[in-house]
Each structure stands twice: as structure tokens, then as C-alpha cells.
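Trainee: So here's input27.cif (mmCIF, C-alpha atoms).
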```
data_model
#
loop_
_atom_site.group_PDB
_atom_site.id
_atom_site.type_symbol
_atom_site.label_atom_id
_atom_site.label_comp_id
_atom_site.auth_asym_id
_atom_site.auth_seq_id
_atom_site.Cartn_x
_atom_site.Cartn_y
_atom_site.Cartn_z
ATOM 1 C CA MET A 1319 -22.845 -11.731 -2.648
ATOM 2 C CA VAL A 1320 -23.345 -13.118 0.871
ATOM 3 C CA PHE A 1321 -20.025 -12.776 2.672
ATOM 4 C CA ALA A 1322 -19.529 -15.960 4.731
ATOM 5 C CA PRO A 1323 -20.690 -18.471 2.051
ATOM 6 C CA SER A 1324 -18.574 -16.678 -0.546
ATOM 7 C CA VAL A 1325 -15.463 -16.946 1.626
ATOM 8 C CA LYS A 1326 -16.208 -20.569 2.533
ATOM 9 C CA ARG A 1327 -16.401 -21.403 -1.174
ATOM 10 C CA GLN A 1328 -12.836 -20.141 -1.666
ATOM 11 C CA THR A 1329 -11.465 -22.706 0.796
ATOM 12 C CA ARG A 1330 -12.424 -25.501 -1.620
ATOM 13 C CA HIS A 1331 -9.888 -24.269 -4.183
ATOM 14 C CA PRO A 1332 -6.104 -24.525 -3.801
ATOM 15 C CA ARG A 1333 -5.406 -21.225 -5.551
ATOM 16 C CA LEU A 1334 -6.986 -17.834 -5.056
ATOM 17 C CA ARG A 1335 -6.490 -14.567 -6.916
ATOM 18 C CA TRP A 1336 -6.862 -11.679 -4.511
ATOM 19 C CA ILE A 1337 -7.164 -7.939 -5.141
ATOM 20 C CA GLN A 1338 -7.978 -5.133 -2.745
ATOM 21 C CA ASN A 1339 -8.979 -1.722 -3.986
ATOM 22 C CA PHE A 1340 -8.262 0.888 -1.380
ATOM 23 C CA VAL A 1341 -8.127 4.647 -1.000
ATOM 24 C CA ARG A 1342 -5.181 6.500 0.497
ATOM 25 C CA THR A 1343 -5.621 10.064 -0.634
ATOM 26 C CA ARG A 1344 -5.562 11.936 2.664
ATOM 27 C CA THR A 1345 -5.048 9.199 5.259
ATOM 28 C CA TYR A 1346 -1.887 7.564 6.584
ATOM 29 C CA TYR A 1347 -3.496 4.125 6.726
ATOM 30 C CA PRO A 1348 -5.107 2.716 3.553
ATOM 31 C CA GLN A 1349 -8.906 2.493 3.645
ATOM 32 C CA LEU A 1350 -10.265 -0.724 2.151
ATOM 33 C CA GLY A 1351 -12.959 -0.046 -0.441
ATOM 34 C CA LEU A 1352 -13.520 -3.377 -2.251
ATOM 35 C CA LEU A 1353 -12.337 -6.985 -2.140
ATOM 36 C CA GLN A 1354 -12.103 -9.048 -5.327
ATOM 37 C CA LEU A 1355 -11.546 -12.803 -5.218
ATOM 38 C CA PHE A 1356 -11.281 -15.323 -8.046
ATOM 39 C CA ASP A 1357 -10.889 -19.046 -7.386
ATOM 40 C CA GLY A 1358 -10.616 -20.123 -11.029
ATOM 41 C CA GLU A 1359 -14.365 -20.588 -11.417
ATOM 42 C CA GLN A 1360 -16.149 -17.652 -9.842
ATOM 43 C CA VAL A 1361 -15.372 -13.982 -9.252
ATOM 44 C CA SER A 1362 -16.572 -12.564 -5.932
ATOM 45 C CA LEU A 1363 -16.821 -8.832 -5.267
ATOM 46 C CA ILE A 1364 -17.123 -8.165 -1.545
ATOM 47 C CA ASP A 1365 -18.124 -4.829 -0.031
ATOM 48 C CA PRO A 1366 -16.008 -4.388 3.121
ATOM 49 C CA LEU A 1367 -18.055 -1.385 4.227
ATOM 50 C CA GLU A 1368 -20.942 -3.746 5.030
ATOM 51 C CA ILE A 1369 -18.905 -6.235 7.075
ATOM 52 C CA THR A 1370 -18.447 -6.185 10.844
ATOM 53 C CA ASP A 1371 -17.287 -9.771 11.438
ATOM 54 C CA TRP A 1372 -14.093 -10.601 9.564
ATOM 55 C CA ALA A 1373 -13.601 -14.037 11.159
ATOM 56 C CA PRO A 1374 -14.358 -16.031 7.950
ATOM 57 C CA MET A 1375 -11.885 -13.897 5.997
ATOM 58 C CA ARG A 1376 -9.175 -14.306 8.615
ATOM 59 C CA GLU A 1377 -9.626 -18.078 8.451
ATOM 60 C CA LEU A 1378 -9.243 -17.991 4.675
ATOM 61 C CA LEU A 1379 -6.161 -15.792 4.825
ATOM 62 C CA LEU A 1380 -4.455 -18.184 7.253
ATOM 63 C CA ASN A 1381 -5.563 -21.357 5.435
ATOM 64 C CA LYS A 1382 -2.273 -22.853 4.269
ATOM 65 C CA ASP A 1383 -4.059 -25.120 1.797
ATOM 66 C CA VAL A 1384 -5.099 -22.086 -0.265
ATOM 67 C CA THR A 1385 -2.330 -20.167 -2.041
ATOM 68 C CA LYS A 1386 -3.119 -16.473 -2.435
ATOM 69 C CA TYR A 1387 -1.812 -14.648 -5.512
ATOM 70 C CA LEU A 1388 -1.293 -10.901 -5.682
ATOM 71 C CA HIS A 1389 0.413 -8.662 -8.196
ATOM 72 C CA ALA A 1390 2.614 -5.848 -6.864
ATOM 73 C CA GLY A 1391 1.206 -6.623 -3.448
ATOM 74 C CA SER A 1392 3.422 -4.556 -1.156
ATOM 75 C CA GLU A 1393 0.722 -1.981 -0.384
ATOM 76 C CA ASP A 1394 -1.912 -4.717 -0.185
ATOM 77 C CA LEU A 1395 0.066 -6.213 2.679
ATOM 78 C CA GLU A 1396 -0.373 -2.968 4.565
ATOM 79 C CA VAL A 1397 -4.140 -3.341 4.107
ATOM 80 C CA PHE A 1398 -3.962 -6.896 5.466
ATOM 81 C CA LEU A 1399 -2.192 -5.636 8.568
ATOM 82 C CA ASN A 1400 -4.423 -2.620 9.057
ATOM 83 C CA THR A 1401 -7.750 -4.371 8.374
ATOM 84 C CA PHE A 1402 -7.175 -7.972 9.461
ATOM 85 C CA ASN A 1403 -4.122 -7.633 11.714
ATOM 86 C CA LEU A 1404 -2.368 -10.511 9.933
ATOM 87 C CA MET A 1405 -0.492 -11.581 6.832
ATOM 88 C CA PRO A 1406 -1.912 -14.140 4.378
ATOM 89 C CA GLU A 1407 -0.232 -17.541 4.179
ATOM 90 C CA PRO A 1408 0.945 -18.721 1.743
ATOM 91 C CA LEU A 1409 1.234 -15.748 -0.593
ATOM 92 C CA ILE A 1410 2.878 -15.388 -4.012
ATOM 93 C CA ASP A 1411 3.408 -12.081 -5.794
ATOM 94 C CA THR A 1412 3.358 -12.484 -9.572
ATOM 95 C CA GLN A 1413 5.356 -9.287 -10.040
ATOM 96 C CA ILE A 1414 8.201 -10.955 -8.140
ATOM 97 C CA LEU A 1415 7.873 -14.116 -10.243
ATOM 98 C CA ALA A 1416 7.973 -12.012 -13.401
ATOM 99 C CA ALA A 1417 11.106 -10.182 -12.236
ATOM 100 C CA PHE A 1418 12.906 -13.507 -11.768
ATOM 101 C CA CYS A 1419 11.881 -14.345 -15.343
ATOM 102 C CA GLY A 1420 13.608 -11.238 -16.674
ATOM 103 C CA ARG A 1421 10.658 -8.835 -16.757
ATOM 104 C CA PRO A 1422 10.947 -5.267 -15.404
ATOM 105 C CA MET A 1423 11.036 -4.981 -11.609
ATOM 106 C CA SER A 1424 7.932 -2.781 -11.601
ATOM 107 C CA TRP A 1425 6.025 -4.602 -14.338
ATOM 108 C CA GLY A 1426 2.419 -3.442 -14.196
ATOM 109 C CA PHE A 1427 -0.545 -5.800 -14.159
ATOM 110 C CA ALA A 1428 -2.051 -4.400 -17.372
ATOM 111 C CA SER A 1429 1.257 -4.828 -19.227
ATOM 112 C CA MET A 1430 1.545 -8.399 -17.989
ATOM 113 C CA VAL A 1431 -1.996 -9.267 -19.071
ATOM 114 C CA GLU A 1432 -1.432 -7.752 -22.505
ATOM 115 C CA GLU A 1433 1.789 -9.711 -23.045
ATOM 116 C CA TYR A 1434 0.290 -13.059 -22.023
ATOM 117 C CA THR A 1435 -3.219 -12.687 -23.453
ATOM 118 C CA GLY A 1436 -3.055 -9.896 -26.028
ATOM 119 C CA ILE A 1437 -5.890 -8.143 -24.185
ATOM 120 C CA ALA A 1438 -5.590 -4.444 -23.305
ATOM 121 C CA LEU A 1439 -7.335 -3.883 -19.994
ATOM 122 C CA ASP A 1440 -9.521 -0.834 -19.524
ATOM 123 C CA LYS A 1441 -7.763 1.201 -16.810
ATOM 124 C CA SER A 1442 -10.173 4.141 -16.873
ATOM 125 C CA GLU A 1443 -11.388 3.336 -13.351
ATOM 126 C CA SER A 1444 -7.934 2.969 -11.808
ATOM 127 C CA ARG A 1445 -8.284 6.298 -9.975
ATOM 128 C CA THR A 1446 -11.872 5.778 -8.919
ATOM 129 C CA ASP A 1447 -13.107 6.435 -5.387
ATOM 130 C CA TRP A 1448 -13.661 2.899 -4.109
ATOM 131 C CA LEU A 1449 -15.253 4.192 -0.911
ATOM 132 C CA ALA A 1450 -18.105 5.900 -2.772
ATOM 133 C CA ARG A 1451 -21.418 4.059 -2.887
ATOM 134 C CA PRO A 1452 -23.149 2.766 -4.862
ATOM 135 C CA LEU A 1453 -20.458 1.424 -7.175
ATOM 136 C CA THR A 1454 -21.367 1.671 -10.841
ATOM 137 C CA GLN A 1455 -21.603 -1.332 -13.152
ATOM 138 C CA ARG A 1456 -18.523 -0.032 -14.941
ATOM 139 C CA GLN A 1457 -16.582 -0.005 -11.676
ATOM 140 C CA CYS A 1458 -17.701 -3.556 -10.889
ATOM 141 C CA ASP A 1459 -16.744 -4.766 -14.372
ATOM 142 C CA TYR A 1460 -13.329 -3.144 -14.002
ATOM 143 C CA ALA A 1461 -12.831 -4.742 -10.587
ATOM 144 C CA ALA A 1462 -13.854 -8.187 -11.854
ATOM 145 C CA ALA A 1463 -11.506 -7.972 -14.848
ATOM 146 C CA ASP A 1464 -8.624 -7.233 -12.506
ATOM 147 C CA VAL A 1465 -8.905 -10.676 -10.897
ATOM 148 C CA TRP A 1466 -10.096 -12.683 -13.890
ATOM 149 C CA TYR A 1467 -6.801 -12.944 -15.757
ATOM 150 C CA LEU A 1468 -4.203 -13.553 -13.090
ATOM 151 C CA LEU A 1469 -4.548 -17.233 -12.154
ATOM 152 C CA PRO A 1470 -3.733 -18.657 -15.620
ATOM 153 C CA ILE A 1471 -0.873 -16.165 -15.955
ATOM 154 C CA ALA A 1472 0.379 -17.117 -12.488
ATOM 155 C CA SER A 1473 0.534 -20.772 -13.548
ATOM 156 C CA LYS A 1474 2.674 -19.842 -16.552
ATOM 157 C CA LEU A 1475 4.949 -17.642 -14.455
ATOM 158 C CA MET A 1476 5.406 -20.376 -11.854
ATOM 159 C CA ALA A 1477 6.416 -22.795 -14.626
ATOM 160 C CA GLU A 1478 8.761 -20.243 -16.237
ATOM 161 C CA THR A 1479 10.400 -19.383 -12.918
ATOM 162 C CA GLU A 1480 10.885 -23.050 -12.057
ATOM 163 C CA ALA A 1481 12.325 -23.793 -15.509
ATOM 164 C CA ALA A 1482 14.783 -20.935 -15.051
ATOM 165 C CA GLY A 1483 15.869 -22.391 -11.708
ATOM 166 C CA TRP A 1484 14.691 -19.386 -9.716
ATOM 167 C CA LEU A 1485 11.449 -20.585 -8.105
ATOM 168 C CA ASP A 1486 12.841 -21.126 -4.601
ATOM 169 C CA ALA A 1487 14.547 -17.734 -4.692
ATOM 170 C CA ALA A 1488 11.346 -16.056 -5.904
ATOM 171 C CA LEU A 1489 9.277 -17.636 -3.129
ATOM 172 C CA ASP A 1490 11.893 -16.540 -0.592
ATOM 173 C CA GLU A 1491 11.588 -13.005 -1.930
ATOM 174 C CA CYS A 1492 7.798 -13.162 -1.489
ATOM 175 C CA ARG A 1493 8.312 -14.120 2.149
ATOM 176 C CA LEU A 1494 10.869 -11.341 2.608
ATOM 177 C CA MET A 1495 8.394 -8.832 1.177
ATOM 178 C CA GLN A 1496 5.912 -9.838 3.873
ATOM 179 C CA GLN A 1497 8.553 -9.681 6.563
ATOM 180 C CA ARG A 1498 9.691 -6.202 5.531
ATOM 181 C CA ARG A 1499 6.132 -4.901 5.477
ATOM 182 C CA GLN A 1500 5.556 -6.152 9.029
ATOM 183 C CA GLU A 1501 8.530 -4.170 10.286
ATOM 184 C CA VAL A 1502 6.962 -0.930 11.479
ATOM 185 C CA GLN A 1503 9.095 1.998 10.402
ATOM 186 C CA ASP A 1504 11.015 3.561 13.260
ATOM 187 C CA PRO A 1505 10.026 7.260 13.267
ATOM 188 C CA ALA A 1506 13.646 8.105 14.037
ATOM 189 C CA GLN A 1507 14.543 6.711 10.591
ATOM 190 C CA ALA A 1508 11.810 8.572 8.674
ATOM 191 C CA TRP A 1509 14.330 11.143 7.407
ATOM 192 C CA ARG A 1510 15.792 8.489 5.112
ATOM 193 C CA ASP A 1511 12.653 8.750 2.938
ATOM 194 C CA ILE A 1512 13.188 12.475 2.343
ATOM 195 C CA GLY A 1513 14.594 13.236 -1.091
ATOM 196 C CA ASN A 1514 17.828 15.243 -1.278
ATOM 197 C CA ALA A 1515 18.621 14.688 2.402
ATOM 198 C CA TRP A 1516 22.209 14.049 1.320
ATOM 199 C CA GLN A 1517 22.554 17.700 0.313
ATOM 200 C CA LEU A 1518 22.231 18.933 3.911
ATOM 201 C CA ARG A 1519 25.090 19.674 6.279
ATOM 202 C CA THR A 1520 25.408 17.833 9.581
ATOM 203 C CA ARG A 1521 23.403 20.311 11.680
ATOM 204 C CA GLN A 1522 20.735 20.644 8.993
ATOM 205 C CA LEU A 1523 20.487 16.870 8.711
ATOM 206 C CA GLY A 1524 20.009 16.614 12.463
ATOM 207 C CA CYS A 1525 17.151 19.091 12.133
ATOM 208 C CA LEU A 1526 15.627 17.054 9.293
ATOM 209 C CA GLN A 1527 15.773 13.899 11.418
ATOM 210 C CA LEU A 1528 13.769 15.594 14.183
ATOM 211 C CA LEU A 1529 11.284 17.081 11.726
ATOM 212 C CA ALA A 1530 10.696 13.835 9.838
ATOM 213 C CA GLU A 1531 10.195 11.940 13.100
ATOM 214 C CA TRP A 1532 7.733 14.584 14.317
ATOM 215 C CA ARG A 1533 5.834 14.496 11.007
ATOM 216 C CA LEU A 1534 5.528 10.696 10.929
ATOM 217 C CA ARG A 1535 4.295 10.530 14.526
ATOM 218 C CA LYS A 1536 1.654 13.183 13.840
ATOM 219 C CA ALA A 1537 0.584 11.427 10.640
ATOM 220 C CA ARG A 1538 0.066 8.148 12.495
ATOM 221 C CA ASP A 1539 -1.655 9.735 15.472
ATOM 222 C CA ARG A 1540 -4.131 11.599 13.277
ATOM 223 C CA ASP A 1541 -4.319 9.087 10.410
ATOM 224 C CA MET A 1542 -3.208 11.742 7.927
ATOM 225 C CA ALA A 1543 -1.028 11.320 4.860
ATOM 226 C CA VAL A 1544 2.417 12.640 5.792
ATOM 227 C CA ASN A 1545 2.303 15.310 3.090
ATOM 228 C CA PHE A 1546 -0.925 16.639 4.615
ATOM 229 C CA VAL A 1547 0.984 17.321 7.818
ATOM 230 C CA VAL A 1548 3.858 19.120 6.065
ATOM 231 C CA ARG A 1549 4.887 18.592 2.466
ATOM 232 C CA GLU A 1550 8.251 16.905 1.931
ATOM 233 C CA GLU A 1551 9.825 19.826 0.083
ATOM 234 C CA HIS A 1552 8.725 22.199 2.847
ATOM 235 C CA LEU A 1553 10.176 19.904 5.486
ATOM 236 C CA TRP A 1554 13.485 19.939 3.625
ATOM 237 C CA ASN A 1555 13.454 23.743 3.349
ATOM 238 C CA VAL A 1556 12.772 24.119 7.066
ATOM 239 C CA ALA A 1557 15.712 21.827 7.829
ATOM 240 C CA ARG A 1558 17.964 23.769 5.478
ATOM 241 C CA TYR A 1559 17.112 27.290 6.681
ATOM 242 C CA MET A 1560 15.989 26.486 10.265
ATOM 243 C CA PRO A 1561 13.554 29.407 10.702
ATOM 244 C CA GLY A 1562 13.101 30.828 14.183
ATOM 245 C CA SER A 1563 9.580 32.229 13.860
ATOM 246 C CA LEU A 1564 6.224 31.589 12.220
ATOM 247 C CA GLY A 1565 6.895 34.554 9.935
ATOM 248 C CA GLU A 1566 10.059 32.907 8.676
ATOM 249 C CA LEU A 1567 8.117 29.678 8.163
ATOM 250 C CA ASP A 1568 5.677 31.603 5.987
ATOM 251 C CA SER A 1569 8.545 33.025 3.938
ATOM 252 C CA LEU A 1570 9.634 29.472 3.087
ATOM 253 C CA GLY A 1571 6.351 28.816 1.317
ATOM 254 C CA LEU A 1572 4.533 26.710 3.913
ATOM 255 C CA SER A 1573 0.781 26.862 3.469
ATOM 256 C CA GLY A 1574 -1.465 28.412 6.072
ATOM 257 C CA SER A 1575 -2.775 24.985 7.069
ATOM 258 C CA GLU A 1576 0.775 23.648 7.515
ATOM 259 C CA ILE A 1577 1.718 26.586 9.729
ATOM 260 C CA ARG A 1578 -1.502 26.310 11.757
ATOM 261 C CA PHE A 1579 -0.981 22.583 12.200
ATOM 262 C CA SER A 1580 2.612 23.155 13.283
ATOM 263 C CA ARG A 1581 1.619 25.881 15.723
ATOM 264 C CA GLN A 1582 -1.239 23.877 17.259
ATOM 265 C CA ASN A 1583 0.982 20.873 17.773
ATOM 266 C CA ALA A 1584 3.846 22.980 19.092
ATOM 267 C CA ASP A 1585 1.493 24.199 21.822
ATOM 268 C CA LYS A 1586 0.579 20.582 22.673
ATOM 269 C CA SER A 1587 4.081 19.145 22.465
ATOM 270 C CA GLY A 1588 6.145 21.845 24.110
ATOM 271 C CA GLY A 1589 7.546 23.306 20.907
ATOM 272 C CA GLU A 1590 8.251 20.078 19.045
ATOM 273 C CA SER A 1591 7.320 21.399 15.611
ATOM 274 C CA PRO A 1592 8.920 22.936 12.523
ATOM 275 C CA GLY A 1593 8.652 26.414 13.997
ATOM 276 C CA ALA A 1594 10.596 25.311 17.051
ATOM 277 C CA ALA A 1595 13.301 23.450 15.188
#
```
Output the structure of this file as C-alpha cells.
Mentor:
Amino acid sequence: MVFAPSVKRQTRHPRLRWIQNFVRTRTYYPQLGLLQLFDGEQVSLIDPLEITDWAPMRELLLNKDVTKYLHAGSEDLEVFLNTFNLMPEPLIDTQILAAFCGRPMSWGFASMVEEYTGIALDKSESRTDWLARPLTQRQCDYAAADVWYLLPIASKLMAETEAAGWLDAALDECRLMQQRRQEVQDPAQAWRDIGNAWQLRTRQLGCLQLLAEWRLRKARDRDMAVNFVVREEHLWNVARYMPGSLGELDSLGLSGSEIRFSRQNADKSGGESPGAA
């Protein structure tokens, strides 16, 4: 579908179902692979790999006359920031609406569709590589189905949430979700995401704080998933045992690539690496 006319069409409708399929296997930042839009009449599948001018999309995202609906959209917001350098307004997350109606906090889209429509969605393409081209017809059908069902369900959830007296609170939570996602994580606080950090003693925890900060900075600089810099469990082991040599690092189970990466970056950063901790 032609990009600009397709986006312009969406501005004529007050509600828009939005899905982004992205890949984040080895990279720190999500890579956008496909955009799916549904305005209540027409599904549009947009190939972002063919687009160089995002101005029409930015206008749509900031158009306050068009409400954008997502489901479990926290990671999608990261794509908005990384790809478009903005947040959509206004935005409503149907997972948040559902939670205020008594559904599970992490209620999946397929479960929601099945409860409201009785239809079991085919999720066989959920792990597909959305950056690969050409996309198959099966992939396109899967992507279209993902946007087709949400708008009527969103209307029901809005009514249910309002009837329960929670609509204002739910909309506030949607805004807070956007606000939290815009707050760039301070690398000095990255250690808080490490499991079992509470088991470490004070000196070990101080080591973990330095290691986690180092790992996050390297991941951002090189656009690598943090676990491709050093795996979390290995980071924790280094903090616990505080090895003093590359040989001791190897004895803790770090892979060759992790040790090489640590050594290369220690040379560049004056020893700021796991081996120098």
C-alpha cells in the first residue's frame, strides 16, 4: 500500500488500532519490521524498510483527534521513541483497561480475543523474523488478524471500565506508562535489574553496580542486547567472586566471546571491564 495516502486515510477516523512487529534478538534497540493499522474499515500493512520520510506518520501519531489503541504497548513505546523520536497522543492500552476490569495484569492479546469473540488466534508466526523479506502470505494474514479484532473489543473495555468507575484512573495509568518509558534508565541504576542482587554483600554489590553500569553503556554504544555483552548470571558471578585475571574469568564460565569483549573494552576504557573489577 502507498505510504502517505494510507496514513492520510487514518486521520479521517477517530480511533486507530496500531501494532508494530519488531525484532530485538541481538540488538539493544528494537528494530521495526512491520506496521499494522486498522481504522475500523481497512487494515493497512506498511513496510517500514521501504520508508525514508516518516513525516506523515509523525503527523498521525501527534494528531490528538485520532485515539491510538495498543495492547501491552510498553515495548511498542520504545519503538516509537527509537524510530519516530516521539510518543503517540492520545494513546490507550487495552491491557491496562482490562486490568482495571479485573482481568490479569499481563492478559495476552490472544486470550482477550478468545474471551470476547470465541476465536482462537493463530499464533504460529509470533516468533517470525519480521525483518526478513519478502513476507509470506501467512505472515501478512497473521499480522492483519492482530489488528482486526481490537477496536470492537476496545469499545467494550472502555464501557466496562467506565461502568466500574475506573476509566479516569485507567487513562491516567496509560499516561504514566508513556512517561515511565520516556525516562531513560540511568546506567548507575542498571544493577537493580539483576536477579538475586540482594544475595550479595556490600562490597560485592558495589562491584555489581559498576559491572551493570559498564554493561548497559556498552550495550547502548554498540546496539547490542545486554546479554550479548555479558550474560546476567555471569555478571552476578563476577560480582560475587571478583576475579583478578582473565583465567579466573574463564573459570567462572564466561564464554570466549564474553572474555574477548571484556578484554577489548578494558584496553579501550582503561580497565573498566569485568576482568578489572
Trainee: Which residues would end up in the selection if the PyMOL selection byres ((chain A and resi 1437-1439) around 12) were applied here, given that I need the answer as an NGL selection string?
Mentor: :A and (1426-1436 or 1440-1444 or 1459-1467)
Trainee: Between CA of Ala1416 (chain A) and CA of Phe1340 (chain A), what is the distance, to one decimal in Å?
Mentor: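 So the answer is 24.0 Å.
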Trainee: Starting from the shown file, work through the PyMOL selection byres ((chain A and resi 1394) around 9) and note down what comes out as number ranges by chain.
Mentor: A: 1337-1340, 1348, 1388, 1390-1393, 1395-1399
Trainee: If we count all atoms listed in the file and set the cut-off at 9 Å, which residues sit around Ala1537 (chain A), ignoring sequence neighbours fewer than 5 positions away in its own chain? Please answer as a list in words.
Mentor: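 These residues fall inside the cut-off: Thr1345, Tyr1346, Trp1532, Met1542, Ala1543, Val1544, Asn1545, Phe1546 and Val1547 of chain A.
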Trainee: For the atom pair CA of Ala1477 (chain A) and CA of Met1495 (chain A), what is the interatomic distance in Å to one decimal place?
Mentor: 21.2 Å
